[in-house]
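Heads up, run14.cif below (mmCIF, C-alpha atoms):
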data_start
loop_
_atom_site.label_atom_id
_atom_site.label_comp_id
_atom_site.auth_asym_id
_atom_site.auth_seq_id
_atom_site.Cartn_x
_atom_site.Cartn_y
_atom_site.Cartn_z
CA MET A 1 -8.76 -12.15 -43.45
CA LEU A 2 -7.74 -9.55 -40.88
CA GLU A 3 -9.06 -9.92 -37.35
CA ASP A 4 -10.94 -7.10 -35.71
CA PRO A 5 -8.79 -5.12 -33.27
CA PRO A 6 -9.47 -5.82 -29.59
CA ALA A 7 -12.09 -3.64 -27.99
CA ARG A 8 -10.65 -0.67 -26.15
CA TYR A 9 -10.81 -1.04 -22.38
CA GLU A 10 -13.28 1.42 -20.94
CA VAL A 11 -11.91 2.60 -17.63
CA PRO A 12 -14.77 2.59 -15.08
CA THR A 13 -15.22 5.49 -12.69
CA PHE A 14 -16.28 5.34 -9.05
CA SER A 15 -16.98 7.98 -6.45
CA GLY A 16 -17.02 7.50 -2.68
CA SER A 17 -16.84 3.86 -1.59
CA ALA A 18 -15.59 1.70 -4.43
CA PRO A 19 -17.30 -1.69 -4.94
CA ARG A 20 -15.53 -4.98 -5.34
CA ILE A 21 -13.71 -4.97 -8.65
CA ARG A 22 -11.62 -7.71 -10.20
CA GLY A 23 -7.93 -6.94 -9.97
CA ALA A 24 -8.08 -4.81 -6.82
CA LYS A 25 -8.48 -5.33 -3.08
CA ILE A 26 -10.55 -2.37 -1.95
CA ARG A 27 -10.22 -1.02 1.59
CA ASN A 28 -12.80 1.75 1.85
CA SER A 29 -12.33 2.60 5.52
CA LYS A 30 -10.39 5.74 6.44
CA ARG A 31 -10.03 4.87 10.13
CA TRP A 32 -6.67 3.14 9.81
CA ILE A 33 -4.91 6.48 10.24
CA SER A 34 -7.11 8.68 12.42
CA GLY A 35 -7.14 12.41 13.05
CA ILE A 36 -6.18 13.33 9.48
CA CYS A 37 -8.42 15.20 7.05
CA ALA A 38 -7.74 15.01 3.32
CA PRO A 39 -9.95 16.28 0.49
CA VAL A 40 -11.62 13.84 -1.88
CA THR A 41 -9.31 13.46 -4.86
CA LYS A 42 -9.78 11.85 -8.27
CA LEU A 43 -7.10 9.18 -8.65
CA SER A 44 -6.20 6.49 -11.17
CA PHE A 45 -6.06 3.08 -9.49
CA PRO A 46 -3.06 1.22 -10.96
CA TYR A 47 -3.38 -2.17 -12.56
CA ILE A 48 -1.24 -4.54 -10.47
CA ASP A 49 -0.17 -7.80 -12.10
CA LYS A 50 -0.23 -11.26 -10.52
CA LEU A 51 3.24 -10.77 -9.04
CA GLY A 52 2.22 -7.53 -7.37
CA ARG A 53 4.02 -5.29 -9.86
CA TYR A 54 2.90 -1.97 -11.26
CA THR A 55 2.14 -2.34 -14.97
CA GLY A 56 1.78 1.31 -15.96
CA SER A 57 -1.91 0.86 -16.78
CA THR A 58 -5.05 2.17 -15.07
CA LEU A 59 -7.64 -0.26 -13.70
CA PHE A 60 -10.27 2.36 -12.79
CA GLU A 61 -10.71 5.99 -11.79
CA TRP A 62 -11.69 6.65 -8.19
CA SER A 63 -12.78 9.89 -6.50
CA CYS A 64 -12.06 9.09 -2.86
CA ASP A 65 -10.29 9.98 0.34
CA PRO A 66 -6.54 9.45 -0.30
CA LYS A 67 -6.36 7.29 2.85
CA SER A 68 -8.68 4.73 1.27
CA PHE A 69 -6.64 4.81 -1.92
CA VAL A 70 -3.30 4.22 -0.19
CA ALA A 71 -4.74 1.37 1.89
CA SER A 72 -6.29 -0.25 -1.19
CA VAL A 73 -3.12 -0.14 -3.29
CA VAL A 74 -1.03 -1.55 -0.43
CA SER A 75 -3.68 -4.22 0.22
CA THR A 76 -3.71 -5.23 -3.46
CA ILE A 77 0.07 -5.62 -3.61
CA ALA A 78 0.18 -7.40 -0.24
CA ASN A 79 -2.46 -9.90 -1.30
CA ARG A 80 -0.51 -10.63 -4.48
CA ALA A 81 2.54 -11.23 -2.28
CA ILE A 82 0.54 -13.65 -0.10
CA VAL A 83 -0.57 -15.64 -3.16
CA ARG A 84 3.01 -15.72 -4.42
CA ALA A 85 4.34 -16.90 -1.06
CA LEU A 86 1.68 -19.63 -0.75
CA LYS A 87 2.98 -21.25 -3.93
CA HIS A 88 6.30 -21.97 -2.22
CA ASN A 89 5.53 -22.07 1.53
CA ASP A 90 2.99 -23.72 3.81
CA MET A 91 0.06 -21.71 5.12
CA SER A 92 1.30 -21.41 8.72
CA THR A 93 4.64 -19.98 7.57
CA VAL A 94 2.91 -17.42 5.33
CA VAL A 95 0.53 -16.37 8.11
CA LYS A 96 3.44 -15.89 10.52
CA SER A 97 5.23 -13.79 7.90
CA SER A 98 2.20 -11.73 6.85
CA GLY A 99 3.47 -8.65 8.68
CA LEU A 100 6.71 -8.74 6.70
CA LEU A 101 4.81 -9.11 3.44
CA VAL A 102 2.68 -6.06 4.20
CA ARG A 103 5.74 -4.00 5.11
CA ALA A 104 7.43 -4.94 1.85
CA ALA A 105 4.23 -4.17 -0.05
CA PHE A 106 4.01 -0.71 1.51
CA TYR A 107 7.54 0.25 0.57
CA TYR A 108 7.11 -0.99 -2.99
CA ALA A 109 3.75 0.79 -3.24
CA ILE A 110 5.28 4.17 -2.38
CA SER A 111 8.54 3.73 -4.29
CA LYS A 112 7.81 1.60 -7.38
CA ASN A 113 11.35 0.35 -6.91
CA SER A 114 11.50 -2.63 -9.31
CA TYR A 115 14.84 -3.86 -8.00
CA PHE A 116 13.48 -3.96 -4.44
CA TRP A 117 10.36 -5.89 -5.46
CA ASP A 118 12.28 -8.37 -7.62
CA ARG A 119 14.40 -9.19 -4.57
CA MET A 120 11.27 -9.60 -2.45
CA LEU A 121 9.71 -11.98 -4.98
CA TYR A 122 12.84 -14.12 -4.77
CA PHE A 123 12.88 -14.03 -0.95
CA PHE A 124 9.19 -15.00 -0.81
CA LYS A 125 10.10 -18.43 -2.21
CA ASP A 126 11.51 -19.50 1.16
CA LEU A 127 10.11 -17.43 4.02
CA LYS A 128 11.67 -19.58 6.75
CA LYS A 129 15.13 -19.09 5.32
CA ASN A 130 14.74 -15.50 4.13
CA GLY A 131 12.55 -13.97 6.85
CA LYS A 132 15.41 -12.04 8.47
CA LEU A 133 16.68 -10.96 5.06
CA ILE A 134 13.26 -9.55 4.19
CA GLN A 135 13.10 -7.68 7.50
CA THR A 136 16.60 -6.23 7.04
CA PHE A 137 16.02 -5.34 3.41
CA VAL A 138 12.71 -3.56 4.08
CA LEU A 139 14.07 -1.69 7.09
CA ARG A 140 17.13 -0.53 5.17
CA TYR A 141 14.97 1.05 2.49
CA VAL A 142 12.30 2.45 4.81
CA LEU A 143 14.95 4.21 6.91
CA LYS A 144 15.95 6.16 3.80
CA THR A 145 12.52 7.80 3.72
CA ASP A 146 11.57 10.86 5.75
CA ALA A 147 9.83 10.91 9.14
CA HIS A 148 6.38 11.49 7.64
CA LYS A 149 6.55 8.42 5.40
CA ARG A 150 7.88 6.33 8.27
CA PHE A 151 4.94 7.57 10.33
CA VAL A 152 2.49 6.31 7.66
CA TYR A 153 4.51 3.09 7.41
CA GLY A 154 3.99 2.51 11.15
CA HIS A 155 0.23 2.81 10.76
CA VAL A 156 0.19 0.44 7.78
CA CYS A 157 2.21 -2.14 9.73
CA SER A 158 -0.30 -2.01 12.59
CA GLN A 159 -3.17 -2.84 10.21
CA THR A 160 -1.83 -6.11 8.75
CA GLN A 161 -4.89 -8.19 9.59
CA TRP A 162 -7.30 -5.63 8.15
CA LEU A 163 -5.28 -5.06 4.98
CA LEU A 164 -5.24 -8.81 4.36
CA PHE A 165 -9.01 -9.10 4.94
CA ARG A 166 -8.68 -11.01 8.19
CA ALA A 167 -10.45 -8.28 10.20
CA GLU A 168 -13.70 -6.42 9.59
CA ARG A 169 -12.36 -2.98 10.38
CA PRO A 170 -9.09 -1.23 11.18
CA ARG A 171 -7.81 -1.05 14.72
CA ASP A 172 -8.24 2.27 16.53
CA LYS A 173 -4.80 3.81 16.37
CA SER A 174 -5.56 7.18 17.98
CA ALA A 175 -3.33 6.35 20.96
CA ILE A 176 -0.46 5.43 18.65
CA MET A 177 -1.09 8.65 16.74
CA ARG A 178 -0.62 10.65 19.95
CA ARG A 179 2.52 8.73 20.90
CA ALA A 180 3.96 9.21 17.42
CA LEU A 181 3.54 12.98 17.36
CA PRO A 182 6.93 13.48 19.09
CA LEU A 183 8.39 12.41 15.71
CA LEU A 184 7.14 15.80 14.60
CA SER A 185 7.99 17.59 17.83
CA PHE A 186 9.45 20.53 15.97
CA GLU A 187 5.90 21.49 14.91
CA ARG A 188 2.65 22.25 16.66
CA SER A 189 0.40 19.18 16.83
CA GLU A 190 -2.22 20.73 14.55
CA SER A 191 0.43 21.51 11.96
CA ALA A 192 1.77 17.95 12.22
CA PHE A 193 -1.67 16.48 11.52
CA LEU A 194 -2.08 18.73 8.49
CA LYS A 195 1.37 17.80 7.20
CA ILE A 196 0.65 14.07 7.56
CA GLY A 197 -2.64 14.57 5.71
CA GLY A 198 -0.67 16.26 2.94
CA ILE A 199 1.90 13.47 2.72
CA VAL A 200 -0.84 10.80 2.51
CA THR A 201 -2.40 12.76 -0.36
CA ASP A 202 1.00 13.07 -2.05
CA LEU A 203 1.58 9.32 -1.68
CA ALA A 204 -1.82 8.58 -3.21
CA LYS A 205 -1.15 10.88 -6.16
CA ALA A 206 2.26 9.31 -6.72
CA MET A 207 0.77 5.80 -6.64
CA SER A 208 -1.85 7.01 -9.11
CA ALA A 209 0.73 8.34 -11.58
CA LEU A 210 1.40 6.09 -14.57
CA CYS A 211 5.00 7.24 -15.00
CA PRO A 212 7.75 5.72 -12.85
CA PHE A 213 8.66 7.67 -9.72
CA ARG A 214 10.88 7.41 -6.69
CA LEU A 215 10.01 8.71 -3.24
CA ASP A 216 13.00 7.31 -1.39
#

Would you mind writing the structure in this file as structure tokens?
Amino acid sequence: MLEDPPARYEVPTFSGSAPRIRGAKIRNSKRWISGICAPVTKLSFPYIDKLGRYTGSTLFEWSCDPKSFVASVVSTIANRAIVRALKHNDMSTVVKSSGLLVRAAFYYAISKNSYFWDRMLYFFKDLKKNGKLIQTFVLRYVLKTDAHKRFVYGHVCSQTQWLLFRAERPRDKSAIMRRALPLLSFERSESAFLKIGGIVTDLAKAMSALCPFRLD
């Protein structure tokens, strides 16, 4: 006797602040990168597997500020990396290396570079031995990106505790924002803010896309 086919997964839809949902680490706050305005956009939140990898499937649809979306995808991948690392390292070592894990998660989130993430998963098995390798590897790839993506990368790195749910809210980075504007010194400040808002939206849309992409 033939079995009934599995029920089709009904993709839930959320608007505004997304609730807790299994399979995702939601970071609703938009304060982690201040001074940037981006329109609410409907995005497909990717299903991330237990090893932190993109699967090409959608977990849910979310109409939100792209800043919340980017933070949530990075947070989801970073938390998967933490769980992976804890299977092979003691807690104190993982906590000390949490910044590196978030940095690696950010680059993978924006690039979907499978080779890069496979190397990271191997390095996570021994953080004491491979810490410098992780740092070098991440930096090498991040430096290939443009100034705007490196600017967003800097803000993500400064929010490690919040992204890993060890802080209630993001740190106020307005001062860092002002210091970082010389990166975009060839533009007026207002134009730079608008451009950064655009790149965050582009990153969110790229993360949302089911097809493979490369931003590096």

Select, from A:Ser63, A:Thr145, A:Thr201, A:Thr41, the residue with the minimum atom-to-atom distance to A:Gly16, counting only C-alpha atoms. A:Ser63

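Atom CA of A:Phe137 to atom CA of A:Pro170 spans 26.6 Å [interatomic distance, one decimal].
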
Excluding A:Gly23 and its own-chain neighbours fewer than 3 positions away, which residues fall within 8 Å of it when counting all atoms listed in the file? Please give them as a PyMOL selection string. chain A and resi 47-48+59+76

A:Lys87: which residues within 12 Å, counting all atoms listed in the file, same-chain residues fewer than 6 positions away excluded, as JSON, numbers by chain? {"A": [51, 80, 81, 93, 94, 121, 124, 125, 126, 127]}

Using only C-alpha atoms, which residue out of A:Ala85, A:Ala204, A:Cys64, A:Ile199 lies closest to A:Ser29? A:Cys64

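This file gives the following result for the PyMOL selection byres ((chain A and resi 37) around 6): Ile36, Ala38 and Gly197 of chain A.
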
Measure the distance from atom CA of A:Ala104 to atom CA of A:Leu164 in Å and round it to one decimal.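 So the two atoms, atom CA of A:Ala104 and atom CA of A:Leu164, lie 13.5 Å apart.
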
Point-to-point distance in Å for atom CA of A:Tyr115 and atom CA of A:Thr55: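 Calculated distance between atom CA of A:Thr55 and atom CA of A:Tyr115 is 14.6 Å.
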
I'd like the residues picked by the PyMOL selection byres ((chain A and resi 149) around 9) written out as a PDB file with C-alpha atoms, keeping the file's coordinate frame, using the chain letters and numbers from the file.
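result-v2.pdb, freshly written:
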ATOM      1  CA  ILE A 110       5.280   4.170  -2.380  1.00  0.00           C
ATOM      2  CA  VAL A 142      12.300   2.450   4.810  1.00  0.00           C
ATOM      3  CA  THR A 145      12.520   7.800   3.720  1.00  0.00           C
ATOM      4  CA  ASP A 146      11.570  10.860   5.750  1.00  0.00           C
ATOM      5  CA  ALA A 147       9.830  10.910   9.140  1.00  0.00           C
ATOM      6  CA  HIS A 148       6.380  11.490   7.640  1.00  0.00           C
ATOM      7  CA  ARG A 150       7.880   6.330   8.270  1.00  0.00           C
ATOM      8  CA  PHE A 151       4.940   7.570  10.330  1.00  0.00           C
ATOM      9  CA  VAL A 152       2.490   6.310   7.660  1.00  0.00           C
ATOM     10  CA  TYR A 153       4.510   3.090   7.410  1.00  0.00           C
ATOM     11  CA  GLY A 154       3.990   2.510  11.150  1.00  0.00           C
ATOM     12  CA  ILE A 196       0.650  14.070   7.560  1.00  0.00           C
ATOM     13  CA  ILE A 199       1.900  13.470   2.720  1.00  0.00           C
ATOM     14  CA  VAL A 200      -0.840  10.800   2.510  1.00  0.00           C
ATOM     15  CA  LEU A 203       1.580   9.320  -1.680  1.00  0.00           C
TER      16      LEU A 203
END

For the PyMOL selection byres ((chain A and resi 95-103) around 8), applied here, can you spell out every residue it catches as a list in words?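 With the shown file as input, the PyMOL selection byres ((chain A and resi 95-103) around 8) matches Val74, Ser75, Ala78, Ala81, Ile82, Met91, Ser92, Thr93, Val94, Ala104, Ala105, Phe106, Tyr107, Leu127, Gly131, Ile134, Gln135, Val138, Tyr153, Val156, Cys157 and Thr160 of chain A.
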
Top pick for closest residue to A:Trp162, considering A:Asn89, A:Ser111, A:Ser208, A:Asn28 and counting all atoms listed in the file: A:Asn28

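Minimum distance to A:Arg27 across A:Leu133, A:Leu143, A:Leu163, A:Met207 (counting all atoms listed in the file) occurs at A:Leu163.
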